[in-house]
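Peer 1: I'd like to ask some things about the structure below.
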Amino acid sequence: MRAWPDPDEAAEGPATPDATLRELRDRGIDLDPVPAGQHRHGDEVHASDHAHPHVHSAPDEPPIIGIVGAGAVGTALGVALSHAGWTVGAVASRDAARRERFRSLVPGARGFAEATALLDEVELIILAVPDDAIPRLAGGLRMYSGQAMIHTSGALGAEVLGPAMAAGTQVGAFHPLVAFADTELAVAALHGATVAIEGDDQLADLLARMADALGAHPVRLAPGSKSAYHAAAVLAAGGFVALLDAIAELGRVAGLDEAGSLQIYGRLAEQTLANARALGIARALTGPITRGDVGTLERHLETLRAHAPDVLPLYAAAAEREIRLAEGRGVLAPEPAAAMRRSLARQV
Ligand SMILES: NC(=O)c1ccc[n+]([C@@H]2O[C@H](COP(=O)([O-])OP(=O)(O)OC[C@H]3O[C@@H](n4cnc5c(N)ncnc54)[C@H](OP(=O)(O)O)[C@@H]3O)[C@@H](O)[C@H]2O)c1
C-alpha cells in the first residue's frame with residue numbers, strides 16, 4: 001500500500017501535492033487500495049504471509065531468481081530457466097508491456113518497474129541490461145547477505161558489480177554464446193550453447209549447475225581473456241551477418257534477391273564451415289588467392305569499385321587475410337602474393 005505523508009509534517013495549503021493527498025485521504029479516498037492482510041509487490045497484491053526483507057529457497061533447491069531487463073536476453077533466460085524448473089520469482093522492467101509479456105511467458109514471476117524492488121524478492125539477481133547500463137544499475141543496488149548478482153555481458157567482468165556488494169554477497173557473470181534475436185529460437189539455442197561463467201568457486205559452481213540445467217556447456221575463462229573471447233563471438237555473430245549483408249549486396253548486382261543469395265551462398269558457407277571443421281581453417285581456404293590468380297582478383301576489385309563500392313574494404317581486408325593463410329600453407333608463391341598485395345593497396 002502507498003505510504004501516506006504524516007498530516008502533521010505535510011505542508012499546509014491546497015496547492016501542494018501532499019496537501020491534496022491529505023485532503024483525499026480525509027475524504028476516505030484511497031488511490032491505491034489494498035485489502036487488509038495483503039500488500040503490494042510490484043504489479044501484484046497478495047497476502048502478507050511472508051517474511052521480508054528477502055525470500056529464501058529451500059535448502060538444496062536452486063535459488064529464487066530475479067531478472068532485471070525484460071529484453072532479448074532477460075526474457076529468453078527467464079523462459080528457459082523456468083522451463084528447466086528453476087524459480088524465476090520476479091522481473092524488473094521499466095516498460096509495462098515488456099513486463100507483462102515476460103510474466104505471460106514465465107508464470108509466477110512478479111513484475112516490478114524498479115530493479116531495487118527485486119532485492120526483497122529473490123536470491124540471485126540477473127542483470128540483463130545493456131553493457132553501458134550495468135555499472136550504474138549495480139551502483140544503485142545494495143544486496144543483502146546471502147544474495148548474489150550476475151550480469152550476462154560478454155564484454156564486462158564481474159567486478160563491475162562490486163558496488164552492489166555487502167558482507168556475505170557474491171558477484172559473477174553468465175554469458176551465453178547465443179544470438180538472442182527471437183525468444184523462442186534463443187531458448188532452443190541455449191541447449192548446447194557455451195556459457196562463460198565468472199565468480200567465486202561457490203557461485204561459479206551454482207552458475208555451472210544453472211548452465212547444465214539449460215542444457216548448455218559452462219566454461220570458465222582464463223583471467224584477462226574475456227574481451228578477446230567476446231570480440232571473437234561478435235565476429236562470429238554480428239561480423240558474420242555483416243559478411244552476409246555484403247554477399248547479398250553483390251548477389252543483387254548479379255540479379256539475386258536476398259532469399260536467393262542466402263540459398264546459394266548459404267550452402268557454400270555451410271560447406272566451408274564443414275570443411276574447416278574437418279580439415280582445419282587453413283586447409284578450408286579455396287578460391288583465386290590460393291591459385292595465385294592475380295587477374296581474377298583485379299577483375300573482382302574493378303567490379304566492386306563500379307557496382308558495390310561499400311563492399312570493397314571488406315573484400316580487401318578478407319583478401320589480405322587469405323593471402324597470409326595461403327602463404328602459411330605454402331600454396332602461394334612470393335611473386336603472385338606480392339602482385340596481389342599491390343593490387344589491394346591500389347584500392348584502399
Ligand atoms: N543480444 C544478444 O545476443 C546477447 C547475447 C549474449 C549476451 N548479451 C548481453 O545481455 C545483456 C542484455 O542484452 P539484450 O540484447 O537483452 O538487450 P535488450 O534487448 O536491449 O534489453 C535490455 C533490457 O534492459 C533494459 N534497460 C535498458 N537500458 C536500461 C537502463 N539504463 N537501466 C535499466 N534497464 C535498462 C531495457 O529496458 P526496460 O527496462 O525498459 O525493459 C530492456 O528490458 C547485455 O549485457 C548484452 O551484452 C546479449
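In the C-alpha cells, chains take the letters A, B, ... in the order shown, each chain's residues start at 1, and ligands count up from 1 in the order shown.
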Find the residues around region 146-148 of chain A up to 12 Å (only C-alpha atoms counted), leave out those fewer than 4 positions away in its own chain, and share them as a ChimeraX atom specification.
Peer 2: /A:53-57,63-66,118-127,138,141-142,158,161-162,164-173,199-200,202-204,206-207
Peer 1: Please save N, CA and C atoms of the selected residues as a compact mmCIF listing (two decimals), in the first residue's frame.
Peer 2:
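Produced file part00.txt, reproduced below:
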```
# COMPACT_ATOMS: atom_id res chain seq x y z
N PRO A 53 13.35 -8.93 4.81
CA PRO A 53 13.50 -8.22 3.57
C PRO A 53 13.65 -9.10 2.33
N HIS A 54 13.99 -10.38 2.45
CA HIS A 54 14.02 -11.13 1.21
C HIS A 54 13.73 -12.60 1.46
N VAL A 55 13.45 -13.30 0.37
CA VAL A 55 12.96 -14.67 0.48
C VAL A 55 14.12 -15.66 0.38
N HIS A 56 13.84 -16.89 0.75
CA HIS A 56 14.87 -17.93 0.69
C HIS A 56 14.30 -19.16 0.01
N SER A 57 15.11 -19.78 -0.83
CA SER A 57 14.69 -21.07 -1.39
C SER A 57 14.93 -22.13 -0.32
N PRO A 63 18.43 -21.29 -6.24
CA PRO A 63 17.99 -20.03 -5.65
C PRO A 63 16.80 -19.45 -6.42
N ILE A 64 16.06 -18.59 -5.72
CA ILE A 64 14.98 -17.87 -6.39
C ILE A 64 15.61 -16.74 -7.20
N ILE A 65 15.24 -16.69 -8.47
CA ILE A 65 15.92 -15.79 -9.41
C ILE A 65 15.06 -14.57 -9.71
N GLY A 66 15.72 -13.42 -9.84
CA GLY A 66 15.06 -12.22 -10.31
C GLY A 66 15.85 -11.66 -11.49
N LEU A 118 13.53 -5.87 -6.53
CA LEU A 118 13.91 -7.28 -6.61
C LEU A 118 14.70 -7.73 -5.39
N LEU A 119 15.37 -6.79 -4.74
CA LEU A 119 16.23 -7.16 -3.61
C LEU A 119 15.43 -7.80 -2.48
N ASP A 120 14.14 -7.47 -2.40
CA ASP A 120 13.30 -8.05 -1.36
C ASP A 120 12.69 -9.38 -1.79
N GLU A 121 12.88 -9.75 -3.04
CA GLU A 121 12.10 -10.85 -3.60
C GLU A 121 12.91 -12.09 -3.96
N VAL A 122 14.19 -11.93 -4.20
CA VAL A 122 14.93 -13.04 -4.82
C VAL A 122 16.29 -13.21 -4.18
N GLU A 123 16.96 -14.32 -4.55
CA GLU A 123 18.30 -14.60 -4.01
C GLU A 123 19.40 -14.38 -5.05
N LEU A 124 19.08 -14.67 -6.29
CA LEU A 124 20.06 -14.48 -7.37
C LEU A 124 19.50 -13.46 -8.36
N ILE A 125 20.20 -12.33 -8.49
CA ILE A 125 19.72 -11.25 -9.36
C ILE A 125 20.52 -11.27 -10.66
N ILE A 126 19.82 -11.37 -11.77
CA ILE A 126 20.49 -11.38 -13.07
C ILE A 126 20.24 -10.02 -13.74
N LEU A 127 21.32 -9.28 -13.99
CA LEU A 127 21.17 -8.01 -14.72
C LEU A 127 21.32 -8.31 -16.21
N ALA A 138 24.14 -1.33 -11.01
CA ALA A 138 24.73 -2.02 -9.85
C ALA A 138 25.01 -1.01 -8.74
N LEU A 141 22.07 -0.51 -6.44
CA LEU A 141 21.50 -1.68 -5.75
C LEU A 141 22.46 -2.11 -4.65
N ARG A 142 21.95 -2.48 -3.52
CA ARG A 142 22.81 -2.96 -2.42
C ARG A 142 22.23 -4.28 -1.95
N ALA A 158 33.02 -9.46 -13.95
CA ALA A 158 32.09 -9.45 -12.82
C ALA A 158 32.37 -8.30 -11.87
N LEU A 161 30.15 -5.25 -10.88
CA LEU A 161 29.01 -5.36 -9.96
C LEU A 161 29.44 -5.08 -8.52
N GLY A 162 30.72 -4.82 -8.31
CA GLY A 162 31.27 -4.58 -6.97
C GLY A 162 30.47 -3.61 -6.12
N ALA A 164 27.46 -3.16 -5.75
CA ALA A 164 26.23 -3.72 -5.16
C ALA A 164 26.53 -4.67 -4.02
N MET A 165 27.82 -4.92 -3.76
CA MET A 165 28.17 -5.94 -2.76
C MET A 165 28.09 -5.42 -1.34
N ALA A 166 27.75 -6.34 -0.44
CA ALA A 166 27.81 -6.09 1.00
C ALA A 166 28.37 -7.38 1.60
N ALA A 167 28.54 -7.41 2.91
CA ALA A 167 29.09 -8.61 3.55
C ALA A 167 28.23 -9.82 3.19
N GLY A 168 28.88 -10.92 2.83
CA GLY A 168 28.14 -12.16 2.58
C GLY A 168 27.45 -12.22 1.24
N THR A 169 27.84 -11.38 0.31
CA THR A 169 27.22 -11.41 -1.02
C THR A 169 28.29 -11.80 -2.06
N GLN A 170 27.83 -12.18 -3.23
CA GLN A 170 28.77 -12.58 -4.28
C GLN A 170 28.36 -11.97 -5.62
N VAL A 171 29.34 -11.77 -6.49
CA VAL A 171 29.02 -11.30 -7.85
C VAL A 171 29.67 -12.22 -8.88
N GLY A 172 29.08 -12.26 -10.06
CA GLY A 172 29.60 -13.13 -11.11
C GLY A 172 29.05 -12.73 -12.46
N ALA A 173 29.32 -13.56 -13.45
CA ALA A 173 28.81 -13.30 -14.80
C ALA A 173 28.40 -14.63 -15.44
N GLY A 199 33.00 -15.95 -11.28
CA GLY A 199 32.55 -15.82 -9.89
C GLY A 199 33.43 -16.63 -8.98
N ASP A 200 33.29 -16.39 -7.66
CA ASP A 200 34.00 -17.21 -6.69
C ASP A 200 33.55 -18.66 -6.85
N GLN A 202 32.09 -20.92 -5.11
CA GLN A 202 30.72 -21.32 -4.72
C GLN A 202 29.70 -20.83 -5.76
N LEU A 203 29.83 -19.56 -6.16
CA LEU A 203 28.89 -19.02 -7.14
C LEU A 203 29.13 -19.66 -8.51
N ALA A 204 30.40 -19.87 -8.86
CA ALA A 204 30.70 -20.48 -10.16
C ALA A 204 30.09 -21.89 -10.24
N LEU A 206 27.39 -22.86 -8.72
CA LEU A 206 25.95 -22.67 -8.90
C LEU A 206 25.65 -22.30 -10.36
N LEU A 207 26.47 -21.40 -10.92
CA LEU A 207 26.23 -20.96 -12.31
C LEU A 207 26.46 -22.11 -13.29
```
Peer 1: Looking only at the backbone, which of the residues in region 24-251 of chain A does DSSP tag as alpha helix (DSSP H), as number ranges by chain?
Peer 2: A: 24-26, 72-83, 96-105, 134-139, 183-190, 201-213, 226-234, 240-251
Peer 1: Enumerate residues in contact with ligand 1: an atom-to-atom distance of at most 7 Å, counting only C-alpha atoms and all ligand atoms. Format the result as a PyMOL selection string.
Peer 2: chain A and resi 68-74+92-95+98+128-131+133+137+151-155+175-181
Peer 1: Please identify every residue of region 185-274 of chain A that has at least one atom no farther than 12 Å from an atom of region 304-313 of chain A, counting only C-alpha atoms, and for each give the shortest atom pair and the distance in Å to one decimal, arranged by chain then increasing number, as CSV.
Peer 2:
```
residue,atom,partner,partner_atom,distance
A:Ala242,CA,A:Val311,CA,10.0
A:Leu243,CA,A:Val311,CA,9.1
A:Leu244,CA,A:Val311,CA,11.0
A:Asp245,CA,A:Val311,CA,9.3
A:Ala246,CA,A:Val311,CA,5.9
A:Ile247,CA,A:Val311,CA,8.5
A:Ala248,CA,A:Val311,CA,10.4
A:Glu249,CA,A:Ala308,CA,7.2
A:Leu250,CA,A:Ala308,CA,6.8
A:Gly251,CA,A:Ala308,CA,10.3
A:Arg252,CA,A:Ala308,CA,9.7
A:Val253,CA,A:His307,CA,7.0
A:Ala254,CA,A:His307,CA,10.1
```
Peer 1: Would you save the residues from that selection as a short mmCIF file (atom, residue, chain, number, x, y, z; two decimals), in the first residue's frame, using N, CA and C atoms?
Peer 2:
```cif
data_model
loop_
_atom_site.label_atom_id
_atom_site.label_comp_id
_atom_site.auth_asym_id
_atom_site.auth_seq_id
_atom_site.Cartn_x
_atom_site.Cartn_y
_atom_site.Cartn_z
N ALA A 242 27.29 -9.14 -41.04
CA ALA A 242 27.79 -8.07 -41.92
C ALA A 242 28.33 -8.69 -43.22
N LEU A 243 29.00 -9.82 -43.09
CA LEU A 243 29.51 -10.52 -44.28
C LEU A 243 28.35 -10.99 -45.16
N LEU A 244 27.32 -11.54 -44.52
CA LEU A 244 26.14 -11.99 -45.30
C LEU A 244 25.50 -10.81 -46.04
N ASP A 245 25.49 -9.65 -45.35
CA ASP A 245 24.90 -8.46 -45.96
C ASP A 245 25.70 -8.04 -47.20
N ALA A 246 27.02 -8.11 -47.09
CA ALA A 246 27.87 -7.77 -48.23
C ALA A 246 27.68 -8.78 -49.37
N ILE A 247 27.56 -10.04 -49.00
CA ILE A 247 27.32 -11.10 -50.00
C ILE A 247 26.00 -10.83 -50.72
N ALA A 248 24.97 -10.46 -49.93
CA ALA A 248 23.66 -10.20 -50.54
C ALA A 248 23.71 -8.98 -51.45
N GLU A 249 24.53 -7.99 -51.08
CA GLU A 249 24.64 -6.79 -51.93
C GLU A 249 25.26 -7.16 -53.28
N LEU A 250 26.28 -8.00 -53.25
CA LEU A 250 26.87 -8.45 -54.51
C LEU A 250 25.89 -9.35 -55.27
N GLY A 251 25.13 -10.16 -54.50
CA GLY A 251 24.12 -11.02 -55.12
C GLY A 251 23.11 -10.19 -55.90
N ARG A 252 22.73 -9.03 -55.33
CA ARG A 252 21.76 -8.14 -56.01
C ARG A 252 22.33 -7.67 -57.34
N VAL A 253 23.63 -7.36 -57.36
CA VAL A 253 24.28 -6.93 -58.61
C VAL A 253 24.18 -8.06 -59.64
N ALA A 254 24.23 -9.30 -59.13
CA ALA A 254 24.16 -10.45 -60.03
C ALA A 254 22.71 -10.86 -60.32
#
```
Peer 1: Excluding Gly215 (chain A) and residues on its chain fewer than 3 positions from it, collect all residues at most 7 Å away from it, counting only C-alpha atoms, and give them as a PyMOL selection string.
Peer 2: chain A and resi 190-192+211-212
Peer 1: Only N, CA, C and O atoms, please: the residues just picked out, written as a PDB file, in the first residue's frame.
Peer 2:
```
ATOM      1  N   LEU A 190      19.855 -22.097 -26.559  1.00  0.00           N
ATOM      2  CA  LEU A 190      20.600 -22.217 -25.296  1.00  0.00           C
ATOM      3  C   LEU A 190      21.008 -23.674 -25.063  1.00  0.00           C
ATOM      4  O   LEU A 190      22.037 -23.952 -24.459  1.00  0.00           O
ATOM      5  N   HIS A 191      20.189 -24.585 -25.558  1.00  0.00           N
ATOM      6  CA  HIS A 191      20.513 -26.008 -25.443  1.00  0.00           C
ATOM      7  C   HIS A 191      21.744 -26.285 -26.309  1.00  0.00           C
ATOM      8  O   HIS A 191      21.692 -26.107 -27.510  1.00  0.00           O
ATOM      9  N   GLY A 192      22.831 -26.662 -25.685  1.00  0.00           N
ATOM     10  CA  GLY A 192      24.054 -26.961 -26.440  1.00  0.00           C
ATOM     11  C   GLY A 192      24.989 -25.774 -26.585  1.00  0.00           C
ATOM     12  O   GLY A 192      26.092 -25.904 -27.103  1.00  0.00           O
ATOM     13  N   ALA A 211      23.807 -23.479 -15.936  1.00  0.00           N
ATOM     14  CA  ALA A 211      24.061 -23.733 -17.364  1.00  0.00           C
ATOM     15  C   ALA A 211      23.681 -25.176 -17.717  1.00  0.00           C
ATOM     16  O   ALA A 211      23.008 -25.421 -18.732  1.00  0.00           O
ATOM     17  N   ASP A 212      24.079 -26.116 -16.855  1.00  0.00           N
ATOM     18  CA  ASP A 212      23.727 -27.531 -17.092  1.00  0.00           C
ATOM     19  C   ASP A 212      22.219 -27.699 -17.196  1.00  0.00           C
ATOM     20  O   ASP A 212      21.721 -28.447 -18.045  1.00  0.00           O
TER      21      ASP A 212
END
```
Peer 1: Please report, as a list of chain:residue names, each residue of region 155-320 of chain A to which DSSP assigns strand (DSSP E) when run on this structure's backbone.
Peer 2: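 Filtering region 155-320 of chain A to strand (DSSP E) leaves A:Gln170, A:Val171, A:Gly172, A:Ala173, A:Phe174, A:His175, A:Pro176, A:Thr194, A:Val195, A:Ala196, A:Ile197, A:Glu198, A:Gly199, A:His217, A:Pro218, A:Val219, A:Arg220.
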Peer 1: Could the residues in this selection be saved with all heavy atoms as a short mmCIF file (atom, residue, chain, number, x, y, z; two decimals), in the first residue's frame?
Peer 2:
```
data_model
loop_
_atom_site.label_atom_id
_atom_site.label_comp_id
_atom_site.auth_asym_id
_atom_site.auth_seq_id
_atom_site.Cartn_x
_atom_site.Cartn_y
_atom_site.Cartn_z
N GLN A 170 27.83 -12.18 -3.23
CA GLN A 170 28.77 -12.58 -4.28
C GLN A 170 28.36 -11.97 -5.62
O GLN A 170 27.16 -11.73 -5.84
CB GLN A 170 28.78 -14.10 -4.43
CG GLN A 170 29.27 -14.84 -3.21
CD GLN A 170 29.26 -16.34 -3.45
OE1 GLN A 170 30.15 -16.89 -4.07
NE2 GLN A 170 28.22 -16.99 -2.99
N VAL A 171 29.34 -11.77 -6.49
CA VAL A 171 29.02 -11.30 -7.85
C VAL A 171 29.67 -12.22 -8.88
O VAL A 171 30.68 -12.87 -8.60
CB VAL A 171 29.49 -9.84 -8.10
CG1 VAL A 171 28.72 -8.86 -7.26
CG2 VAL A 171 30.99 -9.70 -7.87
N GLY A 172 29.08 -12.26 -10.06
CA GLY A 172 29.60 -13.13 -11.11
C GLY A 172 29.05 -12.73 -12.46
O GLY A 172 28.41 -11.68 -12.61
N ALA A 173 29.32 -13.56 -13.45
CA ALA A 173 28.81 -13.30 -14.80
C ALA A 173 28.40 -14.63 -15.44
O ALA A 173 28.95 -15.69 -15.10
CB ALA A 173 29.87 -12.60 -15.65
N PHE A 174 27.43 -14.52 -16.35
CA PHE A 174 26.87 -15.70 -17.01
C PHE A 174 26.58 -15.27 -18.45
O PHE A 174 25.58 -14.63 -18.72
CB PHE A 174 25.57 -16.09 -16.27
CG PHE A 174 24.92 -17.38 -16.70
CD1 PHE A 174 25.27 -18.58 -16.11
CD2 PHE A 174 23.94 -17.38 -17.68
CE1 PHE A 174 24.66 -19.77 -16.48
CE2 PHE A 174 23.32 -18.56 -18.06
CZ PHE A 174 23.67 -19.76 -17.44
N HIS A 175 27.54 -15.54 -19.33
CA HIS A 175 27.42 -15.04 -20.71
C HIS A 175 27.16 -16.19 -21.69
O HIS A 175 28.09 -16.92 -22.05
CB HIS A 175 28.70 -14.29 -21.11
CG HIS A 175 28.68 -13.88 -22.55
ND1 HIS A 175 29.51 -14.44 -23.50
CD2 HIS A 175 27.90 -13.00 -23.23
CE1 HIS A 175 29.24 -13.91 -24.68
NE2 HIS A 175 28.28 -13.04 -24.54
N PRO A 176 25.91 -16.32 -22.14
CA PRO A 176 25.60 -17.39 -23.10
C PRO A 176 26.03 -16.97 -24.51
O PRO A 176 25.72 -15.85 -24.94
CB PRO A 176 24.08 -17.51 -23.02
CG PRO A 176 23.61 -16.49 -22.03
CD PRO A 176 24.71 -15.53 -21.80
N THR A 194 27.52 -22.59 -25.42
CA THR A 194 28.57 -22.41 -24.42
C THR A 194 28.21 -21.20 -23.56
O THR A 194 27.77 -20.18 -24.08
CB THR A 194 29.92 -22.16 -25.12
OG1 THR A 194 30.21 -23.32 -25.90
CG2 THR A 194 31.04 -21.95 -24.11
N VAL A 195 28.40 -21.34 -22.25
CA VAL A 195 28.15 -20.21 -21.34
C VAL A 195 29.44 -19.94 -20.56
O VAL A 195 29.96 -20.83 -19.89
CB VAL A 195 27.02 -20.53 -20.34
CG1 VAL A 195 26.82 -19.38 -19.37
CG2 VAL A 195 25.71 -20.82 -21.07
N ALA A 196 29.96 -18.71 -20.71
CA ALA A 196 31.17 -18.33 -19.95
C ALA A 196 30.72 -17.84 -18.58
O ALA A 196 29.90 -16.93 -18.48
CB ALA A 196 31.92 -17.23 -20.69
N ILE A 197 31.27 -18.46 -17.55
CA ILE A 197 30.86 -18.08 -16.19
C ILE A 197 32.05 -17.50 -15.42
O ILE A 197 33.19 -17.86 -15.66
CB ILE A 197 30.23 -19.26 -15.42
CG1 ILE A 197 31.20 -20.44 -15.36
CG2 ILE A 197 28.92 -19.67 -16.01
CD1 ILE A 197 30.68 -21.58 -14.54
N GLU A 198 31.71 -16.59 -14.52
CA GLU A 198 32.71 -15.97 -13.65
C GLU A 198 32.13 -15.92 -12.25
O GLU A 198 30.91 -15.77 -12.10
CB GLU A 198 32.93 -14.51 -14.06
CG GLU A 198 33.89 -14.26 -15.17
CD GLU A 198 33.97 -12.76 -15.42
OE1 GLU A 198 34.68 -12.07 -14.69
OE2 GLU A 198 33.27 -12.30 -16.33
N GLY A 199 33.00 -15.95 -11.28
CA GLY A 199 32.55 -15.82 -9.89
C GLY A 199 33.43 -16.63 -8.98
O GLY A 199 34.24 -17.44 -9.43
N HIS A 217 26.78 -25.64 -22.03
CA HIS A 217 28.09 -26.08 -21.56
C HIS A 217 28.79 -24.92 -20.87
O HIS A 217 29.18 -23.95 -21.52
CB HIS A 217 28.96 -26.55 -22.73
CG HIS A 217 28.29 -27.60 -23.55
ND1 HIS A 217 27.92 -28.82 -23.05
CD2 HIS A 217 27.89 -27.60 -24.86
CE1 HIS A 217 27.33 -29.53 -23.99
NE2 HIS A 217 27.30 -28.81 -25.11
N PRO A 218 28.99 -24.99 -19.55
CA PRO A 218 29.68 -23.90 -18.86
C PRO A 218 31.18 -23.96 -19.09
O PRO A 218 31.77 -25.04 -19.12
CB PRO A 218 29.36 -24.18 -17.39
CG PRO A 218 29.06 -25.64 -17.31
CD PRO A 218 28.54 -26.06 -18.64
N VAL A 219 31.80 -22.78 -19.29
CA VAL A 219 33.27 -22.71 -19.36
C VAL A 219 33.73 -21.57 -18.46
O VAL A 219 33.03 -20.56 -18.30
CB VAL A 219 33.81 -22.45 -20.80
CG1 VAL A 219 33.53 -23.61 -21.71
CG2 VAL A 219 33.26 -21.16 -21.38
N ARG A 220 34.89 -21.76 -17.86
CA ARG A 220 35.49 -20.67 -17.07
C ARG A 220 36.68 -20.15 -17.87
O ARG A 220 37.56 -20.92 -18.24
CB ARG A 220 35.94 -21.17 -15.70
CG ARG A 220 34.77 -21.37 -14.77
CD ARG A 220 35.19 -21.65 -13.36
NE ARG A 220 35.47 -20.43 -12.62
CZ ARG A 220 35.60 -20.37 -11.31
NH1 ARG A 220 35.49 -21.46 -10.58
NH2 ARG A 220 35.84 -19.24 -10.70
#
```
Peer 1: Please determine, counting only C-alpha atoms, which residue among A:Ala109, A:Asp201, A:Ala337, A:Leu214 has the shortest atom-to-atom distance to Ala84 (chain A).
Peer 2: A:Leu214
